[in-house]
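Dumped work14.pdb below, it's PDB, C-alpha atoms:
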```pdb
ATOM      1  CA  MET A  89       0.000   0.000   0.000
ATOM      2  CA  SER A  90       1.249   3.457  -0.923
ATOM      3  CA  PRO A  91       2.099   5.549   2.195
ATOM      4  CA  ILE A  92       0.299   8.569   0.754
ATOM      5  CA  LYS A  93      -2.569   9.065  -1.656
ATOM      6  CA  PHE A  94      -4.078  12.345  -2.834
ATOM      7  CA  THR A  95      -7.800  12.916  -2.400
ATOM      8  CA  LYS A  96      -9.891  14.908  -4.875
ATOM      9  CA  ALA A  97      -9.724  17.871  -2.507
ATOM     10  CA  GLY A  98      -5.949  17.465  -2.350
ATOM     11  CA  TRP A  99      -5.579  17.472  -6.142
ATOM     12  CA  LEU A 100      -7.779  20.562  -6.442
ATOM     13  CA  TYR A 101      -5.760  22.319  -3.743
ATOM     14  CA  ILE A 102      -2.446  21.492  -5.460
ATOM     15  CA  ILE A 103      -3.724  22.618  -8.873
ATOM     16  CA  LEU A 104      -5.066  25.831  -7.346
ATOM     17  CA  THR A 105      -1.745  26.460  -5.573
ATOM     18  CA  ILE A 106       0.191  25.971  -8.830
ATOM     19  CA  LEU A 107      -2.129  28.337 -10.715
ATOM     20  CA  MET A 108      -1.817  30.918  -7.957
ATOM     21  CA  GLY A 109       1.975  30.559  -8.155
ATOM     22  CA  PHE A 110       1.984  31.243 -11.900
ATOM     23  CA  SER A 111      -0.323  34.182 -11.294
ATOM     24  CA  ALA A 112       2.034  35.585  -8.653
ATOM     25  CA  ILE A 113       5.006  35.329 -11.040
ATOM     26  CA  ASN A 114       3.129  36.908 -13.923
ATOM     27  CA  THR A 115       1.605  39.776 -11.941
ATOM     28  CA  ASN A 116       4.443  40.224  -9.472
ATOM     29  CA  ASN A 117       1.740  40.979  -6.902
ATOM     30  CA  ASN A 118       2.972  40.713  -3.299
ATOM     31  CA  LEU A 119      -0.494  39.862  -2.007
ATOM     32  CA  VAL A 120      -0.701  36.895  -4.349
ATOM     33  CA  PHE A 121       2.797  35.793  -3.260
ATOM     34  CA  ILE A 122       1.661  35.925   0.377
ATOM     35  CA  THR A 123      -1.456  33.918  -0.475
ATOM     36  CA  VAL A 124       0.610  31.244  -2.247
ATOM     37  CA  SER A 125       2.983  31.114   0.724
ATOM     38  CA  LEU A 126       0.063  30.553   3.084
ATOM     39  CA  MET A 127      -1.317  27.811   0.848
ATOM     40  CA  LEU A 128       2.065  26.054   0.799
ATOM     41  CA  ALA A 129       2.325  26.418   4.571
ATOM     42  CA  VAL A 130      -1.092  24.798   5.008
ATOM     43  CA  MET A 131       0.026  21.924   2.782
ATOM     44  CA  GLY A 132       3.208  21.511   4.830
ATOM     45  CA  ILE A 133       1.253  21.539   8.114
ATOM     46  CA  SER A 134      -1.136  18.958   6.663
ATOM     47  CA  GLY A 135       1.795  16.698   5.771
ATOM     48  CA  PHE A 136       3.490  17.045   9.167
ATOM     49  CA  PHE A 137       0.412  16.428  11.311
ATOM     50  CA  GLY A 138      -0.931  13.791   8.924
ATOM     51  CA  LYS A 139       2.262  11.755   9.255
ATOM     52  CA  SER A 140       2.539  12.104  13.038
ATOM     53  CA  ASN A 141      -1.158  11.250  13.373
ATOM     54  CA  ILE A 142      -0.631   7.614  12.326
ATOM     55  CA  GLU A 143       2.774   7.124  13.947
ATOM     56  CA  ASN A 144       3.652   5.444  17.247
ATOM     57  CA  LEU A 145       0.549   3.308  17.649
ATOM     58  CA  SER A 146       0.352  -0.211  19.039
ATOM     59  CA  PHE A 147      -2.309  -2.925  19.158
ATOM     60  CA  GLU A 148      -3.478  -5.524  21.653
ATOM     61  CA  PHE A 149      -5.704  -8.419  20.516
ATOM     62  CA  SER A 150      -8.260 -10.478  22.428
ATOM     63  CA  PHE A 151     -10.027 -13.504  20.919
ATOM     64  CA  GLU A 152     -12.867 -15.768  21.957
ATOM     65  CA  GLU A 153     -11.742 -19.030  23.531
ATOM     66  CA  GLU A 154     -13.487 -21.166  20.900
ATOM     67  CA  ILE A 155     -13.853 -20.070  17.271
ATOM     68  CA  TYR A 156     -15.746 -22.365  14.911
ATOM     69  CA  ALA A 157     -15.721 -22.208  11.127
ATOM     70  CA  SER A 158     -18.813 -20.615   9.537
ATOM     71  CA  ARG A 159     -19.809 -18.992  12.849
ATOM     72  CA  LYS A 160     -19.406 -15.330  13.681
ATOM     73  CA  THR A 161     -16.703 -14.471  16.186
ATOM     74  CA  LYS A 162     -15.725 -11.209  17.853
ATOM     75  CA  ILE A 163     -12.145  -9.948  17.769
ATOM     76  CA  LYS A 164     -11.337  -7.180  20.227
ATOM     77  CA  VAL A 165      -8.487  -4.820  19.371
ATOM     78  CA  ASN A 166      -7.150  -2.153  21.699
ATOM     79  CA  VAL A 167      -5.574   0.707  19.737
ATOM     80  CA  ILE A 168      -2.991   2.489  21.886
ATOM     81  CA  ASN A 169      -1.599   5.952  21.201
ATOM     82  CA  ASN A 170       1.953   5.836  22.550
ATOM     83  CA  LYS A 171       2.710   9.484  21.728
ATOM     84  CA  SER A 172       3.366  11.589  24.818
ATOM     85  CA  ALA A 173       1.911  14.914  23.630
ATOM     86  CA  ILE A 174       0.131  14.528  20.276
ATOM     87  CA  PHE A 175      -3.336  13.054  19.889
ATOM     88  CA  SER A 176      -4.474  10.908  16.963
ATOM     89  CA  ALA A 177      -7.744  11.430  15.117
ATOM     90  CA  LEU A 178      -9.853  10.036  12.278
ATOM     91  CA  LEU A 179      -8.039   6.707  12.170
ATOM     92  CA  ASN A 180      -9.232   3.845   9.972
ATOM     93  CA  ILE A 181      -8.010   0.508  11.346
ATOM     94  CA  ASN A 182      -7.979  -2.332   8.805
ATOM     95  CA  ILE A 183      -7.579  -5.931   9.997
ATOM     96  CA  LEU A 184      -8.215  -8.949   7.740
ATOM     97  CA  ASP A 185      -9.871  -6.636   5.179
ATOM     98  CA  ASP A 186     -12.396  -5.314   7.715
ATOM     99  CA  GLU A 187     -12.250  -1.683   8.817
ATOM    100  CA  GLU A 188     -13.274   0.168  11.985
ATOM    101  CA  LYS A 189     -12.799   3.824  12.918
ATOM    102  CA  VAL A 190     -11.236   5.676  15.842
ATOM    103  CA  ILE A 191     -12.461   9.270  15.930
ATOM    104  CA  PHE A 192     -10.170  10.667  18.623
ATOM    105  CA  LEU A 193      -7.402   9.198  20.745
ATOM    106  CA  LYS A 194      -5.638  11.214  23.424
ATOM    107  CA  PRO A 195      -1.909  10.781  24.112
ATOM    108  CA  LYS A 196      -1.084   7.670  26.159
ATOM    109  CA  GLN A 197      -4.663   6.421  25.910
ATOM    110  CA  SER A 198      -6.365   3.540  24.128
ATOM    111  CA  ALA A 199      -9.630   2.781  22.357
ATOM    112  CA  SER A 200     -11.332  -0.598  21.946
ATOM    113  CA  LEU A 201     -12.576  -1.785  18.568
ATOM    114  CA  TYR A 202     -14.606  -4.907  17.790
ATOM    115  CA  PHE A 203     -14.328  -6.789  14.513
ATOM    116  CA  ILE A 204     -17.002  -9.382  13.680
ATOM    117  CA  LYS A 205     -15.509 -12.085  11.462
ATOM    118  CA  THR A 206     -16.707 -15.364   9.976
ATOM    119  CA  PHE A 207     -13.985 -17.812   8.968
ATOM    120  CA  THR A 208     -15.058 -20.363   6.387
ATOM    121  CA  GLU A 209     -12.228 -22.884   6.786
ATOM    122  CA  ARG A 210     -10.847 -24.783   9.765
ATOM    123  CA  GLY A 211      -7.166 -24.466  10.654
ATOM    124  CA  PHE A 212      -4.767 -21.663  11.472
ATOM    125  CA  VAL A 213      -5.423 -18.019  10.601
ATOM    126  CA  LYS A 214      -2.520 -15.599  10.940
ATOM    127  CA  ILE A 215      -2.914 -11.860  11.512
ATOM    128  CA  ASP A 216       0.414 -10.377  10.461
ATOM    129  CA  LYS A 217      -0.429  -6.729   9.863
ATOM    130  CA  VAL A 218      -2.667  -3.834  10.823
ATOM    131  CA  ILE A 219      -3.178  -1.110   8.209
ATOM    132  CA  VAL A 220      -3.849   2.386   9.572
ATOM    133  CA  THR A 221      -5.081   5.137   7.248
ATOM    134  CA  SER A 222      -6.256   8.685   7.927
ATOM    135  CA  ILE A 223      -7.364  11.844   6.091
ATOM    136  CA  TYR A 224      -6.434  14.031   9.084
ATOM    137  CA  PRO A 225      -6.121  17.028   9.247
ATOM    138  CA  PHE A 226      -7.462  18.629   6.029
ATOM    139  CA  ASN A 227      -8.550  15.725   3.811
ATOM    140  CA  PHE A 228      -5.867  16.586   1.261
ATOM    141  CA  PHE A 229      -4.065  13.243   1.582
ATOM    142  CA  ILE A 230      -4.856   9.730   2.733
ATOM    143  CA  ARG A 231      -1.810   8.625   4.667
ATOM    144  CA  ALA A 232      -1.204   4.947   5.403
ATOM    145  CA  LYS A 233       1.076   2.971   7.679
ATOM    146  CA  VAL A 234       1.371  -0.808   7.954
ATOM    147  CA  TYR A 235       2.111  -2.162  11.431
ATOM    148  CA  ALA A 236       3.530  -5.669  11.662
ATOM    149  CA  VAL A 237       1.832  -7.901  14.256
ATOM    150  CA  ASN A 238       2.067 -11.596  15.030
ATOM    151  CA  GLU A 239      -1.258 -13.100  16.057
ATOM    152  CA  GLU A 240      -2.468 -16.597  15.251
ATOM    153  CA  LEU A 241      -5.948 -18.090  15.620
ATOM    154  CA  VAL A 242      -7.060 -21.698  15.565
ATOM    155  CA  ILE A 243     -10.391 -22.063  13.775
ATOM    156  CA  PHE A 244     -12.193 -25.169  14.993
ATOM    157  CA  PRO A 245     -14.116 -27.250  12.428
ATOM    158  CA  ARG A 246     -17.626 -26.338  11.335
ATOM    159  CA  LEU A 247     -20.538 -27.455  13.512
ATOM    160  CA  ILE A 248     -23.487 -29.138  11.826
ATOM    161  CA  ASP A 249     -27.174 -28.631  12.577
ATOM    162  CA  ASN A 250     -27.816 -32.102  13.946
ATOM    163  CA  SER A 251     -28.124 -33.321  17.507
ATOM    164  CA  PHE A 252     -26.311 -36.491  18.522
ATOM    165  CA  ILE A 253     -26.632 -36.363  22.304
ATOM    166  CA  PRO A 254     -29.860 -36.124  24.355
ATOM    167  CA  ASN A 255     -30.307 -33.413  26.942
ATOM    168  CA  SER A 256     -29.941 -35.879  29.799
ATOM    169  CA  ALA A 257     -29.247 -39.558  30.363
ATOM    170  CA  GLU A 258     -32.978 -40.186  30.912
ATOM    171  CA  ASP A 259     -34.015 -38.728  27.567
ATOM    172  CA  GLY A 260     -33.497 -41.990  25.756
ATOM    173  CA  ASP A 261     -31.248 -42.979  22.887
ATOM    174  CA  ILE A 262     -28.880 -40.655  21.116
ATOM    175  CA  VAL A 263     -30.612 -38.604  18.450
ATOM    176  CA  ASN A 264     -28.808 -38.782  15.130
ATOM    177  CA  ASP A 265     -29.641 -38.204  11.497
ATOM    178  CA  PHE A 266     -26.439 -39.799  10.184
ATOM    179  CA  SER A 267     -26.946 -43.245  11.768
ATOM    180  CA  VAL A 268     -23.856 -42.502  13.813
ATOM    181  CA  LEU A 269     -24.926 -44.808  16.662
ATOM    182  CA  PRO A 270     -22.413 -47.565  15.747
ATOM    183  CA  VAL A 271     -19.503 -45.222  16.414
ATOM    184  CA  ILE A 272     -20.886 -43.685  19.613
ATOM    185  CA  LYS A 273     -20.638 -46.238  22.388
ATOM    186  CA  SER A 274     -21.536 -46.223  26.051
ATOM    187  CA  GLN A 275     -18.358 -47.013  27.943
ATOM    188  CA  GLU A 276     -18.416 -49.768  30.542
ATOM    189  CA  GLU A 277     -16.890 -49.486  33.988
ATOM    190  CA  LEU A 278     -13.262 -50.654  34.159
ATOM    191  CA  SER A 279     -12.988 -53.634  36.524
ATOM    192  CA  ASN A 280      -9.609 -55.243  35.809
ATOM    193  CA  ILE A 281      -6.358 -54.966  33.833
ATOM    194  CA  ARG A 282      -4.674 -58.134  32.587
ATOM    195  CA  SER A 283      -1.940 -59.177  30.159
ATOM    196  CA  TYR A 284      -2.750 -58.878  26.452
ATOM    197  CA  ASN A 285      -3.896 -62.104  24.759
ATOM    198  CA  ASN A 286      -4.946 -61.416  21.150
ATOM    199  CA  ASP A 287      -7.698 -59.091  22.370
ATOM    200  CA  PRO A 288      -9.400 -56.445  20.184
ATOM    201  CA  MET A 289      -7.350 -53.308  19.660
ATOM    202  CA  SER A 290     -10.042 -51.162  21.299
ATOM    203  CA  LYS A 291      -9.525 -53.043  24.590
ATOM    204  CA  ILE A 292      -5.783 -52.372  24.801
ATOM    205  CA  PHE A 293      -4.773 -50.127  27.696
ATOM    206  CA  TRP A 294      -2.667 -47.691  25.650
ATOM    207  CA  LYS A 295      -1.838 -45.373  28.558
ATOM    208  CA  HIS A 296      -0.259 -48.268  30.420
ATOM    209  CA  TYR A 297       1.625 -49.289  27.252
ATOM    210  CA  ALA A 298       3.044 -45.754  26.933
ATOM    211  CA  LYS A 299       4.513 -46.042  30.436
ATOM    212  CA  ASN A 300       6.210 -49.445  30.300
ATOM    213  CA  GLU A 301       5.779 -50.647  26.672
ATOM    214  CA  ASN A 302       3.939 -53.800  27.788
ATOM    215  CA  LEU A 303       0.521 -54.604  26.328
ATOM    216  CA  TYR A 304      -2.378 -54.972  28.747
ATOM    217  CA  THR A 305      -6.091 -55.424  28.172
ATOM    218  CA  LYS A 306      -8.879 -53.560  29.930
ATOM    219  CA  GLU A 307     -11.745 -55.641  31.303
ATOM    220  CA  PHE A 308     -15.108 -54.110  32.127
ATOM    221  CA  THR A 309     -18.139 -54.999  34.215
ATOM    222  CA  SER A 310     -21.458 -55.526  32.516
ATOM    223  CA  GLU A 311     -22.806 -52.380  34.158
ATOM    224  CA  LYS A 312     -22.443 -49.448  31.817
ATOM    225  CA  MET A 313     -21.405 -46.026  32.949
ATOM    226  CA  SER A 314     -23.199 -42.885  31.835
ATOM    227  CA  TYR A 315     -20.404 -41.547  29.665
ATOM    228  CA  LEU A 316     -19.981 -42.000  25.930
ATOM    229  CA  TYR A 317     -16.971 -43.175  23.979
ATOM    230  CA  VAL A 318     -16.130 -42.073  20.422
ATOM    231  CA  ILE A 319     -13.223 -43.146  18.226
ATOM    232  CA  PHE A 320     -12.376 -40.481  15.667
ATOM    233  CA  GLU A 321     -11.088 -42.920  13.064
ATOM    234  CA  ASP A 322     -14.472 -44.703  13.075
ATOM    235  CA  LEU A 323     -16.153 -41.416  12.147
ATOM    236  CA  ILE A 324     -13.910 -40.570   9.207
ATOM    237  CA  ASN A 325     -14.086 -44.169   7.977
ATOM    238  CA  ALA A 326     -17.882 -43.986   8.044
ATOM    239  CA  TYR A 327     -18.443 -40.463   6.696
ATOM    240  CA  GLY A 328     -15.266 -39.257   5.018
ATOM    241  CA  LEU A 329     -12.737 -36.743   6.260
ATOM    242  CA  GLU A 330     -14.518 -33.382   6.337
ATOM    243  CA  LYS A 331     -17.978 -34.650   7.313
ATOM    244  CA  GLY A 332     -16.407 -36.928   9.918
ATOM    245  CA  ILE A 333     -14.474 -34.015  11.390
ATOM    246  CA  SER A 334     -17.633 -31.870  11.528
ATOM    247  CA  ILE A 335     -19.628 -34.662  13.180
ATOM    248  CA  ALA A 336     -16.824 -35.209  15.700
ATOM    249  CA  THR A 337     -16.712 -31.494  16.502
ATOM    250  CA  THR A 338     -20.486 -31.360  16.925
ATOM    251  CA  ILE A 339     -20.480 -34.361  19.276
ATOM    252  CA  ILE A 340     -17.746 -32.761  21.404
ATOM    253  CA  TYR A 341     -19.551 -29.411  21.421
ATOM    254  CA  GLU A 342     -22.864 -30.981  22.402
ATOM    255  CA  ALA A 343     -21.309 -33.108  25.127
ATOM    256  CA  SER A 344     -19.714 -30.017  26.629
ATOM    257  CA  ILE A 345     -22.918 -27.944  26.488
ATOM    258  CA  LYS A 346     -25.133 -30.732  27.857
ATOM    259  CA  LYS A 347     -22.611 -31.841  30.511
ATOM    260  CA  GLN A 348     -22.540 -35.342  29.030
ATOM    261  CA  PRO A 349     -19.343 -37.212  30.021
ATOM    262  CA  LEU A 350     -17.472 -38.179  26.880
ATOM    263  CA  LEU A 351     -14.196 -39.863  26.075
ATOM    264  CA  PHE A 352     -12.906 -39.073  22.594
ATOM    265  CA  GLN A 353     -10.091 -41.114  21.077
ATOM    266  CA  VAL A 354      -7.777 -39.778  18.353
ATOM    267  CA  GLY A 355      -5.099 -42.257  17.356
ATOM    268  CA  ASN A 356      -3.898 -43.895  20.558
ATOM    269  CA  LYS A 357      -4.770 -40.992  22.819
ATOM    270  CA  GLU A 358      -7.987 -40.510  24.759
ATOM    271  CA  PHE A 359      -9.363 -37.107  25.720
ATOM    272  CA  ASN A 360     -11.806 -36.424  28.537
ATOM    273  CA  ILE A 361     -14.124 -33.811  27.055
ATOM    274  CA  GLY A 362     -15.266 -32.813  30.533
ATOM    275  CA  ASN A 363     -11.826 -31.272  31.028
ATOM    276  CA  VAL A 364     -11.847 -27.926  29.197
ATOM    277  CA  TYR A 365      -8.128 -28.093  28.383
ATOM    278  CA  GLU A 366      -8.405 -31.588  26.903
ATOM    279  CA  LYS A 367     -11.540 -30.553  25.025
ATOM    280  CA  ARG A 368      -9.762 -27.614  23.368
ATOM    281  CA  GLU A 369      -6.694 -29.731  22.676
ATOM    282  CA  VAL A 370      -8.725 -32.308  20.743
ATOM    283  CA  LEU A 371     -10.640 -29.552  18.909
ATOM    284  CA  LYS A 372      -7.301 -28.047  17.912
ATOM    285  CA  ARG A 373      -6.177 -31.441  16.617
ATOM    286  CA  LEU A 374      -9.356 -31.720  14.566
ATOM    287  CA  ALA A 375      -8.867 -28.175  13.260
ATOM    288  CA  ILE A 376      -5.467 -28.950  11.793
ATOM    289  CA  TYR A 377      -6.074 -32.613  10.922
ATOM    290  CA  GLY A 378      -4.867 -33.274   7.396
ATOM    291  CA  LYS A 379      -3.608 -29.708   6.964
ATOM    292  CA  SER A 380      -0.045 -29.120   5.838
TER     293      SER A 380
END
```

In structure tokens, write the structure found in this file.
Amino acid sequence: MSPIKFTKAGWLYIILTILMGFSAINTNNNLVFITVSLMLAVMGISGFFGKSNIENLSFEFSFEEEIYASRKTKIKVNVINNKSAIFSALLNINILDDEEKVIFLKPKQSASLYFIKTFTERGFVKIDKVIVTSIYPFNFFIRAKVYAVNEELVIFPRLIDNSFIPNSAEDGDIVNDFSVLPVIKSQEELSNIRSYNNDPMSKIFWKHYAKNENLYTKEFTSEKMSYLYVIFEDLINAYGLEKGISIATTIIYEASIKKQPLLFQVGNKEFNIGNVYEKREVLKRLAIYGKS
């Protein structure tokens, strides 16, 4: 972006100043010379204050904890005027091609702006610059300055408009329009751990294997617990990559909202969705799954 751009008013002012200059030379009129001098002085003042107006700013970003693709999210940006004596005015702040305005900002003060964005794709989004433009003080020029920033967002996968989990354990079977019941299982209570003996892979106690590299099998009682168990690979095998990821994200989101205990397995690692840190870790994994 060019650091300076003339407005229509600016071009008219420059053309008028040039014409007045020729007139002063041709007529040798002192009053016209004085007028041209004043016009040049105004242009110089406009350049000086216009440049200082967009200098020495800084930005602080705040994001929502969970951002899902295709859903609106709010990005808060604090614009800080670090100048000790000069205010800033009529600032246009451009972030990710969206623009908000700051009318007036005193020295050493800040103003909060809110950008409403909708990201269409899951994965990482990088904010690497903030573009500040202003017509201050006389609308002769549009001055611009690009500030380098380093902010990165993780956009969780898109949620779908289907319910997979009832509101409570007494509400009956899981509601699903994708026949996803075979890959959502009620987990049984763990009763014993024994040595591995050609048991199904789903019964292997992987956490124990990670500690001592010996295979053990989990045995369960017949009494089922009230939490659900989902294996991510079963979802993508049944529905394909992107739909499987969206279904997985929706199940995790619903379980969290409805306080339904859920264990979610990705690869050999299990995540307890009731733990907010594990929930966001698995959502981050889903967000970047298959991305380079």

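Around the coordinate (-16.1, -16.0, 10.7), residues that reach within 12 Å when counting only C-alpha atoms are A:Glu152, A:Glu154, A:Ile155, A:Tyr156, A:Ala157, A:Ser158, A:Arg159, A:Lys160, A:Thr161, A:Lys162, A:Ile163, A:Leu184, A:Asp186, A:Phe203, A:Ile204, A:Lys205, A:Thr206, A:Phe207, A:Thr208, A:Glu209, A:Arg210, A:Val213, A:Leu241, A:Val242, A:Ile243, A:Phe244, A:Pro245, A:Arg246.
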
Restricting the output to C-alpha atoms, write the selected residues as an mmCIF file, in the frame of the given file.
```cif
data_model
loop_
_atom_site.group_PDB
_atom_site.id
_atom_site.type_symbol
_atom_site.label_atom_id
_atom_site.label_comp_id
_atom_site.auth_asym_id
_atom_site.auth_seq_id
_atom_site.Cartn_x
_atom_site.Cartn_y
_atom_site.Cartn_z
ATOM 1 C CA GLU A 152 -12.867 -15.768 21.957
ATOM 2 C CA GLU A 154 -13.487 -21.166 20.900
ATOM 3 C CA ILE A 155 -13.853 -20.070 17.271
ATOM 4 C CA TYR A 156 -15.746 -22.365 14.911
ATOM 5 C CA ALA A 157 -15.721 -22.208 11.127
ATOM 6 C CA SER A 158 -18.813 -20.615 9.537
ATOM 7 C CA ARG A 159 -19.809 -18.992 12.849
ATOM 8 C CA LYS A 160 -19.406 -15.330 13.681
ATOM 9 C CA THR A 161 -16.703 -14.471 16.186
ATOM 10 C CA LYS A 162 -15.725 -11.209 17.853
ATOM 11 C CA ILE A 163 -12.145 -9.948 17.769
ATOM 12 C CA LEU A 184 -8.215 -8.949 7.740
ATOM 13 C CA ASP A 186 -12.396 -5.314 7.715
ATOM 14 C CA PHE A 203 -14.328 -6.789 14.513
ATOM 15 C CA ILE A 204 -17.002 -9.382 13.680
ATOM 16 C CA LYS A 205 -15.509 -12.085 11.462
ATOM 17 C CA THR A 206 -16.707 -15.364 9.976
ATOM 18 C CA PHE A 207 -13.985 -17.812 8.968
ATOM 19 C CA THR A 208 -15.058 -20.363 6.387
ATOM 20 C CA GLU A 209 -12.228 -22.884 6.786
ATOM 21 C CA ARG A 210 -10.847 -24.783 9.765
ATOM 22 C CA VAL A 213 -5.423 -18.019 10.601
ATOM 23 C CA LEU A 241 -5.948 -18.090 15.620
ATOM 24 C CA VAL A 242 -7.060 -21.698 15.565
ATOM 25 C CA ILE A 243 -10.391 -22.063 13.775
ATOM 26 C CA PHE A 244 -12.193 -25.169 14.993
ATOM 27 C CA PRO A 245 -14.116 -27.250 12.428
ATOM 28 C CA ARG A 246 -17.626 -26.338 11.335
#
```

Picked residues, the PyMOL selection byres ((chain A and resi 148) around 12), expected as a PyMOL selection string
chain A and resi 145-147+149-151+163-169+198-202+215+218+237-239

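Evaluated against the shown file, the PyMOL selection byres ((chain A and resi 357-364) around 9) gives A:Trp294, A:Lys295, A:Ile319, A:Ile340, A:Tyr341, A:Ala343, A:Ser344, A:Lys347, A:Gln348, A:Pro349, A:Leu350, A:Leu351, A:Phe352, A:Gln353, A:Val354, A:Gly355, A:Asn356, A:Tyr365, A:Glu366, A:Lys367, A:Arg368, A:Glu369, A:Val370.
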
Keeping C-alpha atoms for every residue in the selection just given, could you write it to a file as a short mmCIF file (atom, residue, chain, number, x, y, z; two decimals), in the frame of the given file?
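Printed below is result_37.cif as written:
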```cif
data_model
loop_
_atom_site.label_atom_id
_atom_site.label_comp_id
_atom_site.auth_asym_id
_atom_site.auth_seq_id
_atom_site.Cartn_x
_atom_site.Cartn_y
_atom_site.Cartn_z
CA TRP A 294 -2.67 -47.69 25.65
CA LYS A 295 -1.84 -45.37 28.56
CA ILE A 319 -13.22 -43.15 18.23
CA ILE A 340 -17.75 -32.76 21.40
CA TYR A 341 -19.55 -29.41 21.42
CA ALA A 343 -21.31 -33.11 25.13
CA SER A 344 -19.71 -30.02 26.63
CA LYS A 347 -22.61 -31.84 30.51
CA GLN A 348 -22.54 -35.34 29.03
CA PRO A 349 -19.34 -37.21 30.02
CA LEU A 350 -17.47 -38.18 26.88
CA LEU A 351 -14.20 -39.86 26.08
CA PHE A 352 -12.91 -39.07 22.59
CA GLN A 353 -10.09 -41.11 21.08
CA VAL A 354 -7.78 -39.78 18.35
CA GLY A 355 -5.10 -42.26 17.36
CA ASN A 356 -3.90 -43.90 20.56
CA TYR A 365 -8.13 -28.09 28.38
CA GLU A 366 -8.40 -31.59 26.90
CA LYS A 367 -11.54 -30.55 25.02
CA ARG A 368 -9.76 -27.61 23.37
CA GLU A 369 -6.69 -29.73 22.68
CA VAL A 370 -8.72 -32.31 20.74
#
```

Contacts of range 192-195 of chain A at 6 Å or less, counting all atoms listed in the file, minus same-chain residues fewer than 6 places along, as a short mmCIF file (atom, residue, chain, number, x, y, z; two decimals) with C-alpha atoms, keeping the file's coordinate frame?
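Done, and the output landed in around_9.cif:
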```cif
data_model
loop_
_atom_site.label_atom_id
_atom_site.label_comp_id
_atom_site.auth_asym_id
_atom_site.auth_seq_id
_atom_site.Cartn_x
_atom_site.Cartn_y
_atom_site.Cartn_z
CA ASN A 169 -1.60 5.95 21.20
CA LYS A 171 2.71 9.48 21.73
CA SER A 172 3.37 11.59 24.82
CA ALA A 173 1.91 14.91 23.63
CA ILE A 174 0.13 14.53 20.28
CA PHE A 175 -3.34 13.05 19.89
CA SER A 176 -4.47 10.91 16.96
CA ALA A 177 -7.74 11.43 15.12
#
```

Have a look at CA of Ile191 in chain A and CA of Lys233 in chain A and let me know their distance in Å, one decimal.
17.1 Å

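Taking CA of Ile376 in chain A and CA of Tyr317 in chain A as the two end points, the separation is 22.0 Å.
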
Exactly which residues make up the result of the PyMOL selection byres ((chain A and resi 127) around 12) on this file, given as a PyMOL selection string?
chain A and resi 98+101-109+120-126+128-134

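Between CA of Ala232 in chain A and CA of Ile142 in chain A the separation is 7.4 Å.
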
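With all atoms listed in the file as the atoms that count, the residue of A:Asn182, A:Val190, A:Leu374, A:Ser334 with the shortest distance to Tyr235 in chain A is A:Asn182.
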
Need the axis-aligned box for range 220-231 of chain A with 5 Å each side, so what are the centre and edges in Å to one decimal, as JSON?
```
{"center_x": -5.2, "center_y": 10.5, "center_z": 5.4, "size_x": 16.7, "size_y": 26.2, "size_z": 18.3}
```

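Of the listed residues (A:Leu179, A:Leu100, A:Ile248, A:Val318), A:Leu179 comes nearest to Ser140 in chain A; the distances count all atoms listed in the file.
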
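For range 322-325 of chain A, the list of residues within 8 Å, based on all atoms listed in the file and with local chain neighbours fewer than 3 positions off taken out, reads Val268, Val271, Val318, Ile319, Gly328, Leu329, Glu330, Lys331, Gly332, Ile333, Ile335 and Ala336 of chain A.
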